[in-house]
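Asks: This is the structure I want to talk about, given as structure tokens.
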Amino acid sequence: MVRIHDTLSGHDVGLHPLAGPNGPVTFYSCGPTVYDDAHIGNFRSFLNADILRRAIELTGVAVRHVMNITDVGHMTDDAQADGGGEDKMAVAGRRLAEAKKSGTLPAGATIDPNDPLAIADFYATRFLEDARLLGLKVAIEAERDPALMPRPTRWVPQMIAMVQGLVDRGHAYVARDGVVYFDVRSFPDYGKLSGNTLDALREGEGGRVSAENQASKRHPADFMLWKPDAKHLMKWDSPWGAGYPGWHLECSAMAAGLLGEQIDLHSGGEDNIFPHHECEIAQSRCCFGKPTFARLWFHTRHLVVEGQKMSKSKGNFFTARDLFAKGVTPAALRLELVRTHYRTNSNFTLQGLTDCQRMIDRWSRHAEALEASIAALRTSGNVALAVRHAAATPGPLESALASFTEALCDDLNVARAIAALNEALGQDHLNACPARELKALRRMDSVLDVLDRNRPVASKAADDLEAQVNALLARRTAARAAKDWAASDQVRDELAALGVQVKDGPTGTIWSRVVR
RNA sequence: GGCCGUGUACCCAAGUGGCCUAAGGGAACGGAUUGCAAAUCCGUGAUUCGUGGGUUCAAAUCCCACCACGGCCUCCA
């Protein structure tokens, strides 16, 4: 059974699915807001949720995983968080319009910068591409079942129903400015998740709430549920006038609609703890009258890049696509983002990416060697050996599977799981049954999911490079055949200048890109 | 000001009272191999766990103080 640190209770708790021991576990993850490309920090959080669901599945328990794609624009003007300010979708639209003008928009992208839904779709599509390359299982499943990745713009009626329910039950009120607010003092547990108390919350400390909005609330911590604003970029009719819903509402409504009024697991980045998840708990419990909302809260810490906070101005800001374009394989990026324990800040480095790539290459070689052994055994028709294999004691990998699983069950200790795998690979496989060893390796990879993602992402630039490299390689091979080492080495220098490294092996020369 | 988390070798990173004179990976170095390389395989590698105190027979692990870094305090994963 998987044990996980629960943010709400503050300690590790076993996962006991509401539906019974075999699940399915109902799991809701806060996903991206699609007004820009997701960066590696976003993906650390999403991929850790993915590792968690795969670890649960490894123990034989089914998971129903839902991740939202937020397509409503939120305010950019943080000083006016409760309304007003410019919508992020509108800003994204301007950015796209400029990109279109300067020709930096990706080929084939025909998009109306004034249509917020089109902008959201544009970035949602790109997000799904990245997510699928990185092995985010829910994104792969959503190809067949789009409901698993819901969009809030299609759930506004359910959100309005929740606002109405909260007003009816006396947990929400219409202020004199017409805005519907949640009354935090009507919910004594408000603050339990984040450890905040209502009196200790410094009013407006985040600098995001205007004094004007604060003045109309009964308590400074009351948060917006519905904002009437007929001029807003995206608006819907409601009993409180045309406007838009509070941002916390979408997750409450979609989790309830797709998974139930109480769920087993809820995940997000550490910044979601307050206010977002705190508010979700308040809304869901007060609206549905259930004793809990999510039974276990899973939060991933942020990452830093080369020891520094990631920011565009420092030039250490990476999206997944940036790295793919440099020739980084999805497998290496995936492993680099999940190999540090989710509850500590991880330090993303290019060196770390290289380290991961080497590890994955080693695992791949072992998988290929095992496949070769199995094939050789099949063609040789050596029945006696096959029988001996079937009866053999578990090999290193088969034995490691238990400690691998145990490490993951212990609050998702990925580093220890990887160590178990690495240790097994260093041991003697000669007497082990290759089929069973491969099966164990594949089983571990069902969580890590790197073996089938260990290829650079195809692109026009990658194709061009390949053609260039192949031409140089042909010259070098000819020079080597003629034992003209000077010419051969000169070509190797040229390849190095292109960021390409060559390896001469018994079956010919292979090459790979060096990530810089 | 309140709440939360982190600090382990050159780098990433596990370990949270005795099995730790600290796992695993990478780099580096030595060897095998190679036209030379790269890759691969084998080997070496922290008497020490941010700093200073304390508790204990015993501390990286518990307590206190300090320093540094990260997150939240109403729309950043």
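Ligands are numbered from 1 in the order shown, residues from 1 within each chain, and chains are lettered A, B, ... in the order they appear in the structure tokens.
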Based on DSSP run over this structure's backbone, return all residues of range 96-306 of chain A in strand (DSSP E), as number ranges by chain.
Replies: A: 172-174, 180-182, 223-228, 243-245, 263-269, 294-300, 303-305
Asks: How about saving the chosen residues, C-alpha atoms kept, as a JSON list (two decimals), in the first residue's frame?
Replies:
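Generated output (selection-v1.json):
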[["chain", "number", "residue", "atom", "x", "y", "z"],
["A", 172, "ALA", "CA", -21.81, 33.17, 0.81],
["A", 173, "TYR", "CA", -23.23, 36.65, 0.50],
["A", 174, "VAL", "CA", -23.71, 39.36, -2.10],
["A", 180, "VAL", "CA", -20.59, 37.24, -4.35],
["A", 181, "TYR", "CA", -18.09, 36.38, -1.63],
["A", 182, "PHE", "CA", -17.47, 33.26, 0.41],
["A", 223, "PHE", "CA", -12.85, 35.35, -1.38],
["A", 224, "MET", "CA", -14.73, 36.00, -4.58],
["A", 225, "LEU", "CA", -17.16, 33.43, -5.98],
["A", 226, "TRP", "CA", -18.81, 35.47, -8.72],
["A", 227, "LYS", "CA", -17.83, 38.81, -10.18],
["A", 228, "PRO", "CA", -20.45, 40.63, -12.19],
["A", 243, "GLY", "CA", -19.71, 38.15, -15.24],
["A", 244, "TYR", "CA", -17.22, 35.44, -14.40],
["A", 245, "PRO", "CA", -16.64, 32.88, -11.63],
["A", 263, "ILE", "CA", -12.18, 12.38, -3.51],
["A", 264, "ASP", "CA", -9.17, 10.34, -2.46],
["A", 265, "LEU", "CA", -6.28, 12.45, -3.69],
["A", 266, "HIS", "CA", -5.67, 16.02, -4.75],
["A", 267, "SER", "CA", -2.37, 17.39, -6.01],
["A", 268, "GLY", "CA", -0.75, 20.65, -7.01],
["A", 269, "GLY", "CA", 2.35, 22.77, -6.61],
["A", 294, "ALA", "CA", -9.91, 15.37, -0.56],
["A", 295, "ARG", "CA", -8.69, 12.72, 1.85],
["A", 296, "LEU", "CA", -5.04, 13.22, 0.98],
["A", 297, "TRP", "CA", -3.29, 16.37, -0.22],
["A", 298, "PHE", "CA", -0.11, 15.96, -2.27],
["A", 299, "HIS", "CA", 2.03, 19.05, -2.91],
["A", 300, "THR", "CA", 5.24, 19.23, -4.94],
["A", 303, "LEU", "CA", 12.40, 23.74, -8.46],
["A", 304, "VAL", "CA", 15.29, 26.13, -8.89],
["A", 305, "VAL", "CA", 17.58, 26.23, -11.93]]
Asks: Please provide as an NGL selection string all residues within 9 Å of range 464-471 of chain A, with the sequence filter that same-chain residues fewer than 3 positions apart are discarded (counting only C-alpha atoms (C1' of nucleotides)).
Replies: :A and (459-461 or 474-476 or 495 or 498 or 500 or 511)
Asks: Taking N, CA and C atoms for each residue, export the selection above as a PDB file, in the first residue's frame.
Replies:
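The result, written out as selection.pdb:
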ATOM      1  N   SER A 459      11.913  17.186 -35.477  1.00  0.00           N
ATOM      2  CA  SER A 459      11.565  18.540 -35.911  1.00  0.00           C
ATOM      3  C   SER A 459      12.293  18.809 -37.215  1.00  0.00           C
ATOM      4  N   LYS A 460      11.908  19.883 -37.862  1.00  0.00           N
ATOM      5  CA  LYS A 460      12.569  20.273 -39.109  1.00  0.00           C
ATOM      6  C   LYS A 460      14.054  20.510 -38.848  1.00  0.00           C
ATOM      7  N   ALA A 461      14.350  21.233 -37.770  1.00  0.00           N
ATOM      8  CA  ALA A 461      15.748  21.541 -37.444  1.00  0.00           C
ATOM      9  C   ALA A 461      16.530  20.255 -37.195  1.00  0.00           C
ATOM     10  N   ALA A 474      29.812  10.448 -43.665  1.00  0.00           N
ATOM     11  CA  ALA A 474      30.216   9.684 -44.852  1.00  0.00           C
ATOM     12  C   ALA A 474      31.662  10.017 -45.208  1.00  0.00           C
ATOM     13  N   ARG A 475      31.990  11.338 -45.137  1.00  0.00           N
ATOM     14  CA  ARG A 475      33.358  11.761 -45.403  1.00  0.00           C
ATOM     15  C   ARG A 475      34.328  11.135 -44.407  1.00  0.00           C
ATOM     16  N   ARG A 476      33.910  11.140 -43.136  1.00  0.00           N
ATOM     17  CA  ARG A 476      34.801  10.642 -42.087  1.00  0.00           C
ATOM     18  C   ARG A 476      35.011   9.137 -42.240  1.00  0.00           C
ATOM     19  N   LEU A 495      32.119  18.142 -36.545  1.00  0.00           N
ATOM     20  CA  LEU A 495      30.887  17.614 -35.928  1.00  0.00           C
ATOM     21  C   LEU A 495      30.747  18.156 -34.505  1.00  0.00           C
ATOM     22  N   LEU A 498      29.226  21.376 -34.321  1.00  0.00           N
ATOM     23  CA  LEU A 498      27.770  21.329 -34.494  1.00  0.00           C
ATOM     24  C   LEU A 498      27.076  20.809 -33.226  1.00  0.00           C
ATOM     25  N   VAL A 500      27.760  17.755 -31.976  1.00  0.00           N
ATOM     26  CA  VAL A 500      27.515  16.330 -32.195  1.00  0.00           C
ATOM     27  C   VAL A 500      28.738  15.519 -31.773  1.00  0.00           C
ATOM     28  N   TRP A 511      26.022   8.560 -33.538  1.00  0.00           N
ATOM     29  CA  TRP A 511      26.254   9.921 -33.041  1.00  0.00           C
ATOM     30  C   TRP A 511      25.104  10.361 -32.152  1.00  0.00           C
TER      31      TRP A 511
END
Asks: Residues of range 254-348 of chain A in helix (DSSP H, G or I) according to DSSP, as a VMD selection string?
Replies: chain A and resid 254 to 258 270 to 288 320 to 325 330 to 338
Asks: Could you list, as a list in words, the residues of chain B having an atom within 9 Å of chain A when counting only C-alpha atoms (C1' of nucleotides)?
Replies: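 Residues satisfying the distance criterion: G1, G2, C3, C4, G5, U6, C11, C12, A13, A14, A23, G24, G25, G26, U34, G35, C36, A37, A38, A39, C69, G70, G71, C72, C73, U74, C75, C76 and A77 of chain B.
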Asks: With only C-alpha atoms (C1' of nucleotides) as the counted atoms, please give the residues lying no more than 8 Å from Thr70 in chain A, apart from itself and same-chain residues fewer than 2 positions off, as a list in words.
Replies: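 In the requested form, the answer reads Gly31, Pro32, Thr33, Val34, Asn68, Val72, Arg151 and Pro152 of chain A.
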Asks: Residues of the last selection are to be written out with C-alpha atoms, as a PDB file, in the first residue's frame.
Replies:
ATOM      1  CA  GLY A  31      -3.218  21.483 -14.195  1.00  0.00           C
ATOM      2  CA  PRO A  32      -1.918  24.360 -16.278  1.00  0.00           C
ATOM      3  CA  THR A  33      -3.497  27.666 -17.174  1.00  0.00           C
ATOM      4  CA  VAL A  34      -3.028  27.892 -20.896  1.00  0.00           C
ATOM      5  CA  ASN A  68      -7.883  20.376 -15.546  1.00  0.00           C
ATOM      6  CA  VAL A  72     -10.335  31.119 -18.434  1.00  0.00           C
ATOM      7  CA  ARG A 151     -11.893  22.918 -19.352  1.00  0.00           C
ATOM      8  CA  PRO A 152     -13.574  25.312 -16.897  1.00  0.00           C
TER       9      PRO A 152
END
Asks: Residues near U51 in chain B, anyone? I mean within 12 Å using only C-alpha atoms (C1' of nucleotides), not counting same-chain ones fewer than 2 positions away, as an MDAnalysis selection string.
Replies: chainID B and resid 7 53 65:68
Asks: What would the file look like if the residues just selected were written as a short mmCIF file (atom, residue, chain, number, x, y, z; two decimals), in the first residue's frame with all heavy atoms?
Replies:
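The resulting result_13.cif:
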data_model
loop_
_atom_site.label_atom_id
_atom_site.label_comp_id
_atom_site.auth_asym_id
_atom_site.auth_seq_id
_atom_site.Cartn_x
_atom_site.Cartn_y
_atom_site.Cartn_z
P G B 7 18.00 19.01 3.64
OP1 G B 7 18.40 17.72 3.04
OP2 G B 7 17.67 19.11 5.07
"O5'" G B 7 19.13 20.08 3.33
"C5'" G B 7 19.81 20.11 2.06
"C4'" G B 7 20.83 21.24 2.13
"O4'" G B 7 20.15 22.35 2.73
"C3'" G B 7 22.03 20.90 3.03
"O3'" G B 7 23.26 20.98 2.31
"C2'" G B 7 22.07 21.97 4.09
"O2'" G B 7 23.31 22.70 4.08
"C1'" G B 7 20.99 22.96 3.67
N9 G B 7 20.19 23.45 4.80
C8 G B 7 19.07 22.92 5.36
N7 G B 7 18.58 23.64 6.35
C5 G B 7 19.47 24.72 6.43
C6 G B 7 19.47 25.83 7.30
O6 G B 7 18.68 26.11 8.18
N1 G B 7 20.54 26.68 7.06
C2 G B 7 21.50 26.48 6.08
N2 G B 7 22.47 27.40 6.00
N3 G B 7 21.51 25.45 5.25
C4 G B 7 20.47 24.62 5.49
P G B 53 31.08 24.85 19.61
OP1 G B 53 32.42 24.85 20.20
OP2 G B 53 30.55 23.62 18.96
"O5'" G B 53 30.03 25.31 20.72
"C5'" G B 53 29.49 24.35 21.58
"C4'" G B 53 28.28 24.92 22.24
"O4'" G B 53 27.36 25.44 21.23
"C3'" G B 53 27.48 23.89 22.99
"O3'" G B 53 28.01 23.68 24.29
"C2'" G B 53 26.08 24.49 22.97
"O2'" G B 53 25.92 25.53 23.90
"C1'" G B 53 26.03 25.03 21.54
N9 G B 53 25.65 23.98 20.58
C8 G B 53 26.42 23.41 19.59
N7 G B 53 25.79 22.48 18.91
C5 G B 53 24.53 22.42 19.50
C6 G B 53 23.41 21.60 19.19
O6 G B 53 23.31 20.74 18.31
N1 G B 53 22.33 21.87 20.03
C2 G B 53 22.32 22.80 21.03
N2 G B 53 21.20 22.90 21.73
N3 G B 53 23.36 23.58 21.33
C4 G B 53 24.42 23.34 20.53
P A B 65 15.21 28.72 19.25
OP1 A B 65 14.23 29.76 19.62
OP2 A B 65 14.94 27.83 18.10
"O5'" A B 65 16.62 29.41 19.01
"C5'" A B 65 17.11 30.40 19.92
"C4'" A B 65 18.53 30.75 19.56
"O4'" A B 65 19.35 29.55 19.63
"C3'" A B 65 18.73 31.23 18.13
"O3'" A B 65 18.40 32.60 17.98
"C2'" A B 65 20.22 30.99 17.95
"O2'" A B 65 21.01 31.96 18.60
"C1'" A B 65 20.38 29.64 18.66
N9 A B 65 20.26 28.51 17.72
C8 A B 65 19.17 27.70 17.50
N7 A B 65 19.37 26.77 16.60
C5 A B 65 20.67 26.99 16.18
C6 A B 65 21.50 26.35 15.24
N6 A B 65 21.10 25.30 14.50
N1 A B 65 22.74 26.83 15.06
C2 A B 65 23.15 27.88 15.80
N3 A B 65 22.47 28.56 16.72
C4 A B 65 21.23 28.07 16.87
P C B 66 17.85 33.12 16.61
OP1 C B 66 17.42 34.51 16.82
OP2 C B 66 16.91 32.12 16.06
"O5'" C B 66 19.16 33.12 15.71
"C5'" C B 66 20.26 33.98 16.03
"C4'" C B 66 21.47 33.58 15.24
"O4'" C B 66 21.79 32.19 15.50
"C3'" C B 66 21.30 33.63 13.73
"O3'" C B 66 21.43 34.93 13.21
"C2'" C B 66 22.46 32.73 13.29
"O2'" C B 66 23.70 33.36 13.37
"C1'" C B 66 22.37 31.61 14.34
N1 C B 66 21.54 30.48 13.88
C2 C B 66 22.10 29.56 12.98
O2 C B 66 23.27 29.73 12.61
N3 C B 66 21.36 28.52 12.53
C4 C B 66 20.10 28.36 12.95
N4 C B 66 19.41 27.33 12.49
C5 C B 66 19.49 29.29 13.86
C6 C B 66 20.25 30.33 14.30
P C B 67 20.61 35.30 11.90
OP1 C B 67 20.68 36.76 11.75
OP2 C B 67 19.29 34.63 11.93
"O5'" C B 67 21.48 34.61 10.75
"C5'" C B 67 22.83 35.01 10.55
"C4'" C B 67 23.48 34.10 9.54
"O4'" C B 67 23.50 32.73 10.05
"C3'" C B 67 22.72 33.95 8.23
"O3'" C B 67 22.94 35.04 7.36
"C2'" C B 67 23.33 32.66 7.69
"O2'" C B 67 24.62 32.84 7.17
"C1'" C B 67 23.38 31.82 8.96
N1 C B 67 22.16 30.99 9.15
C2 C B 67 22.03 29.82 8.38
O2 C B 67 22.92 29.51 7.59
N3 C B 67 20.91 29.05 8.54
C4 C B 67 19.97 29.42 9.40
N4 C B 67 18.90 28.64 9.52
C5 C B 67 20.07 30.61 10.18
C6 C B 67 21.18 31.37 10.02
P A B 68 21.77 35.48 6.36
OP1 A B 68 22.19 36.74 5.72
OP2 A B 68 20.47 35.41 7.06
"O5'" A B 68 21.79 34.32 5.27
"C5'" A B 68 22.93 34.16 4.43
"C4'" A B 68 22.77 32.90 3.62
"O4'" A B 68 22.67 31.75 4.50
"C3'" A B 68 21.48 32.83 2.80
"O3'" A B 68 21.58 33.57 1.61
"C2'" A B 68 21.39 31.32 2.55
"O2'" A B 68 22.30 30.90 1.57
"C1'" A B 68 21.83 30.78 3.91
N9 A B 68 20.68 30.52 4.80
C8 A B 68 20.22 31.28 5.84
N7 A B 68 19.17 30.78 6.46
C5 A B 68 18.92 29.60 5.76
C6 A B 68 17.95 28.59 5.91
N6 A B 68 17.00 28.61 6.84
N1 A B 68 17.97 27.55 5.04
C2 A B 68 18.93 27.54 4.10
N3 A B 68 19.90 28.42 3.86
C4 A B 68 19.84 29.43 4.74
#
Asks: At most 12 Å is the cut-off: for each residue in range 129-227 of chain A with any atom that close to an atom of range 310-321 of chain A, write down the nearest atom pair and the distance in Å rounded to one decimal, counting only C-alpha atoms, chain first then increasing number, as JSON lines.
Replies:
{"residue": "A:Glu129", "atom": "CA", "partner": "A:Arg321", "partner_atom": "CA", "distance": 9.4}
{"residue": "A:Asp130", "atom": "CA", "partner": "A:Ala320", "partner_atom": "CA", "distance": 6.6}
{"residue": "A:Ala131", "atom": "CA", "partner": "A:Ala320", "partner_atom": "CA", "distance": 8.9}
{"residue": "A:Arg132", "atom": "CA", "partner": "A:Ala320", "partner_atom": "CA", "distance": 11.3}
{"residue": "A:Leu133", "atom": "CA", "partner": "A:Ala320", "partner_atom": "CA", "distance": 9.5}
{"residue": "A:Leu134", "atom": "CA", "partner": "A:Ala320", "partner_atom": "CA", "distance": 8.7}
Asks: Go ahead and save the picked residues with C-alpha atoms, as a PDB file, in the first residue's frame.
Replies:
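New file part_23.pdb:
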ATOM      1  CA  GLU A 129       1.990  17.732 -27.091  1.00  0.00           C
ATOM      2  CA  ASP A 130       4.627  18.378 -24.439  1.00  0.00           C
ATOM      3  CA  ALA A 131       2.739  16.401 -21.805  1.00  0.00           C
ATOM      4  CA  ARG A 132       2.383  13.344 -24.053  1.00  0.00           C
ATOM      5  CA  LEU A 133       6.041  13.430 -25.012  1.00  0.00           C
ATOM      6  CA  LEU A 134       6.907  13.531 -21.323  1.00  0.00           C
TER       7      LEU A 134
END
Asks: Env of Ser284 in chain A: 12 Å cut, atoms = only C-alpha atoms (C1' of nucleotides), seq-sep filter 3 positions within chain, self excluded. Answer as an NGL selection string.
Replies: :A and (159 or 161-163 or 165-166 or 171 or 182 or 187 or 190 or 248-257 or 260-263 or 277-281 or 287-294)
Asks: Point out the residue among B:A32, B:C41, B:A27, B:G50 with the least atom-to-atom distance to C10 in chain B, counting only C-alpha atoms (C1' of nucleotides).
Replies: B:A27
